[in-house]
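Visitor: Take this structure, written in structure tokens, and hold onto it; I'll ask about it next.
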Amino acid sequence: MPSGTDGATDGAGTTRAWVVDRTAPAAEHPLRRVERPLDPLGPAGLLVEVRACGVCRTDLHLAEGDLAPRVPHCTPGHEVVGRVLATGPGAGGFARGDRVGIAWLAGTCGTCRYCAAGRENLCPHSRYTGWDLHGGYAQHAVVDARYAYRLPEGLPDEELAPLLCAGIIGYRALERAELPSGGRLGVYGFGASAHLTAQLAMARGATVHVMTRAEEARRLALGLGAASAAGAYDAPPEPLDAAILFAPVGDLVPVALAALDRGGTLAVAGIHLTDVPALNYQRHLFQERTLRSVTANTRADGRAYLAEVARHRPVVHVQRYPLSRADEALADLAADRVTGAAVLIAD
């Protein structure tokens with residue numbers, strides 16, 4: 001159990017965790033490992049022992065200051081796999097020992113017009129793990145049971161963890177891209193989310209072309225079944241029916257739009273993007289090309305994606321780091337030294 005607690009459900013006690021001590025480039029190690037109090041459990045809360053936590057580019061944006069911190073000294077991490085240690089009285093049937101996942105979306109108001117319409121990802125009062133609430137770069141985390149995912153047994157913790165954000169947001173991006181059946185999909189950037197999304201698209205019968213700057217990522221893409229893999233600014237070998245931009249590089253928006261066939265759609269998957277240069281209407285948007293953003297996800301997206309994973313299990317390419325080296329993992333992600341997904345393992 002967390003130090004200083006006897007298992008009571010009030011969230012008392014402390015845990016060993018990483019926090020964003022200051023915003024700075026990842027190479028300057030903006031994270032610091034501390035002993036901090038646990039978040040209050042609450043009536044619907046679950047106290048979770050963290051077994052694995054994926055390292056997401058959103059964590060990097062938070063640590064480096066691209067996203068304004070919402071909680072002082074926040075613990076990043078929103079791709080969490082763990083076991084329930086304690087539950088609040090309204091925790092929805094979860095019990096001690098259950099395997100659960102904690103993802104990006106941590107709470108919504110449930111009453112606004114977006115929530116009422118099934119678009120809770122747009123809720124103005126939404127809260128997020130590792131941004132509004134302490135996340136999974138820690139030995140323990142607390143989650144509202146209504147936003148936790150029941151996870152199957154049998155898959156390794158480190159392979160499940162990236163599915164909880166990289167996989168889910170990729171699923172939503174693919175839906176937003178409106179790829180037709182058997183269509184041609186362009187994937188720009190090939191990190192944790194892209195390598196999962198490309199496999200999902202191929203399982204649905206798509207032809208996938210990957211454009212990314214890292215040679216090792218291009219080799220991984222071809223090994224997973226992509227039809228081609230080229231440089232980030234290269235033209236694909238055929239016009240695209242849809243494209244997804246995973247790299248947080250605004251300069252790639254006109255590049256990807258120009259690669260679309262008539263009627264194609266570009267979905268931008270990231271929470272942060274550098275400035276987009278001026279677009280030429282005739283070249284980039286005419287002939288009913290569409291540019292769309294992707295904002296978080298709904299819980300329904302998460303459930304649908306995990307159900308699809310059960311039918312078509314992806315190859316999850318993982319680089320493992322002990323929790324004690326979280327700052328190193330974040331620096332490696334920033335420097336493009338991670339191929340696939342970086343995952344922190346309890347130590």
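Starting from 1 in every chain, residues are counted up; chains themselves are A, B, ... following the order of the structure tokens, and ligands are numbered from 1 as listed.
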May I have a table of the residues of segment 92-153 of chain A lying at most 12 Å from segment 304-321 of chain A, giving each one's closest pair of atoms and their distance in Å to one decimal, counting only C-alpha atoms, ordered by chain and ascending residue number, as a tab-separated table?

Guide:
residue	atom	partner	partner_atom	distance
A:Gly101	CA	A:Leu306	CA	11.0
A:Tyr137	CA	A:Tyr321	CA	11.5
A:Tyr149	CA	A:Leu306	CA	9.3
A:Arg150	CA	A:Leu306	CA	9.8
A:Leu151	CA	A:Leu306	CA	8.7
A:Pro152	CA	A:Ala310	CA	9.1
A:Glu153	CA	A:Ala310	CA	11.4

Visitor: List the spatial neighbours of Gly225 of chain A as a ChimeraX atom specification - criterion: any atom at most 10 Å away, only C-alpha atoms, same-chain residues fewer than 5 positions off excluded.

Guide: /A:198-199,202,207-209,220

Visitor: Can you pull out the residues contacting Val294 of chain A? Cut-off 10 Å, using only C-alpha atoms, and skip same-chain residues under 3 positions away; I want them as a PDB file with N, CA, C and O atoms, in the first residue's frame.

Guide:
ATOM      1  N   ASN A 121     -15.924  14.877 -25.541  1.00  0.00           N
ATOM      2  CA  ASN A 121     -14.557  15.347 -25.778  1.00  0.00           C
ATOM      3  C   ASN A 121     -14.501  16.859 -25.951  1.00  0.00           C
ATOM      4  O   ASN A 121     -13.435  17.458 -25.810  1.00  0.00           O
ATOM      5  N   ILE A 169      -6.547   7.804 -29.378  1.00  0.00           N
ATOM      6  CA  ILE A 169      -6.581   9.044 -30.159  1.00  0.00           C
ATOM      7  C   ILE A 169      -6.346   8.745 -31.633  1.00  0.00           C
ATOM      8  O   ILE A 169      -6.898   9.416 -32.518  1.00  0.00           O
ATOM      9  N   GLY A 170      -5.546   7.727 -31.922  1.00  0.00           N
ATOM     10  CA  GLY A 170      -5.370   7.320 -33.307  1.00  0.00           C
ATOM     11  C   GLY A 170      -6.664   6.793 -33.904  1.00  0.00           C
ATOM     12  O   GLY A 170      -6.986   7.057 -35.074  1.00  0.00           O
ATOM     13  N   ARG A 172      -9.690   7.732 -33.004  1.00  0.00           N
ATOM     14  CA  ARG A 172     -10.553   8.882 -33.291  1.00  0.00           C
ATOM     15  C   ARG A 172     -10.065   9.649 -34.522  1.00  0.00           C
ATOM     16  O   ARG A 172     -10.875  10.102 -35.335  1.00  0.00           O
ATOM     17  N   ALA A 173      -8.752   9.791 -34.661  1.00  0.00           N
ATOM     18  CA  ALA A 173      -8.205  10.482 -35.832  1.00  0.00           C
ATOM     19  C   ALA A 173      -8.580   9.749 -37.122  1.00  0.00           C
ATOM     20  O   ALA A 173      -8.919  10.378 -38.127  1.00  0.00           O
ATOM     21  N   LEU A 174      -8.531   8.429 -37.084  1.00  0.00           N
ATOM     22  CA  LEU A 174      -8.895   7.640 -38.265  1.00  0.00           C
ATOM     23  C   LEU A 174     -10.375   7.822 -38.593  1.00  0.00           C
ATOM     24  O   LEU A 174     -10.753   7.941 -39.767  1.00  0.00           O
ATOM     25  N   GLU A 175     -11.214   7.875 -37.562  1.00  0.00           N
ATOM     26  CA  GLU A 175     -12.635   8.117 -37.794  1.00  0.00           C
ATOM     27  C   GLU A 175     -12.843   9.520 -38.384  1.00  0.00           C
ATOM     28  O   GLU A 175     -13.650   9.709 -39.301  1.00  0.00           O
ATOM     29  N   ARG A 176     -12.123  10.510 -37.854  1.00  0.00           N
ATOM     30  CA  ARG A 176     -12.266  11.881 -38.345  1.00  0.00           C
ATOM     31  C   ARG A 176     -11.752  12.030 -39.784  1.00  0.00           C
ATOM     32  O   ARG A 176     -12.216  12.897 -40.525  1.00  0.00           O
ATOM     33  N   ALA A 177     -10.806  11.194 -40.168  1.00  0.00           N
ATOM     34  CA  ALA A 177     -10.254  11.270 -41.523  1.00  0.00           C
ATOM     35  C   ALA A 177     -11.204  10.715 -42.576  1.00  0.00           C
ATOM     36  O   ALA A 177     -10.997  10.938 -43.774  1.00  0.00           O
ATOM     37  N   ILE A 244      -3.535  11.490 -41.977  1.00  0.00           N
ATOM     38  CA  ILE A 244      -3.510  11.883 -40.567  1.00  0.00           C
ATOM     39  C   ILE A 244      -2.138  12.462 -40.280  1.00  0.00           C
ATOM     40  O   ILE A 244      -1.110  11.842 -40.590  1.00  0.00           O
ATOM     41  N   ALA A 267      -6.792  14.868 -41.166  1.00  0.00           N
ATOM     42  CA  ALA A 267      -7.080  15.009 -39.741  1.00  0.00           C
ATOM     43  C   ALA A 267      -5.777  15.266 -39.003  1.00  0.00           C
ATOM     44  O   ALA A 267      -4.795  14.539 -39.192  1.00  0.00           O
ATOM     45  N   VAL A 268      -5.761  16.309 -38.178  1.00  0.00           N
ATOM     46  CA  VAL A 268      -4.586  16.650 -37.369  1.00  0.00           C
ATOM     47  C   VAL A 268      -4.803  16.075 -35.981  1.00  0.00           C
ATOM     48  O   VAL A 268      -5.720  16.487 -35.267  1.00  0.00           O
ATOM     49  N   ALA A 269      -3.954  15.129 -35.578  1.00  0.00           N
ATOM     50  CA  ALA A 269      -4.230  14.324 -34.388  1.00  0.00           C
ATOM     51  C   ALA A 269      -3.701  14.924 -33.092  1.00  0.00           C
ATOM     52  O   ALA A 269      -4.135  14.517 -32.016  1.00  0.00           O
ATOM     53  N   GLY A 270      -2.770  15.853 -33.140  1.00  0.00           N
ATOM     54  CA  GLY A 270      -2.097  16.280 -31.918  1.00  0.00           C
ATOM     55  C   GLY A 270      -2.855  17.346 -31.149  1.00  0.00           C
ATOM     56  O   GLY A 270      -3.684  18.080 -31.687  1.00  0.00           O
ATOM     57  N   ILE A 271      -2.530  17.457 -29.854  1.00  0.00           N
ATOM     58  CA  ILE A 271      -3.089  18.510 -29.020  1.00  0.00           C
ATOM     59  C   ILE A 271      -2.337  19.822 -29.223  1.00  0.00           C
ATOM     60  O   ILE A 271      -2.844  20.898 -28.901  1.00  0.00           O
ATOM     61  N   ASN A 297     -10.877  12.568 -26.863  1.00  0.00           N
ATOM     62  CA  ASN A 297     -11.685  11.427 -27.273  1.00  0.00           C
ATOM     63  C   ASN A 297     -12.848  11.286 -26.306  1.00  0.00           C
ATOM     64  O   ASN A 297     -12.850  11.870 -25.224  1.00  0.00           O
TER      65      ASN A 297
END

Visitor: Taking the chain letters and numbering used in this document, name the residues of segment 80-131 of chain A that DSSP puts in strand (DSSP E), as a PyMOL selection string.

Guide: chain A and resi 80-87+99-102+105-107+127-128
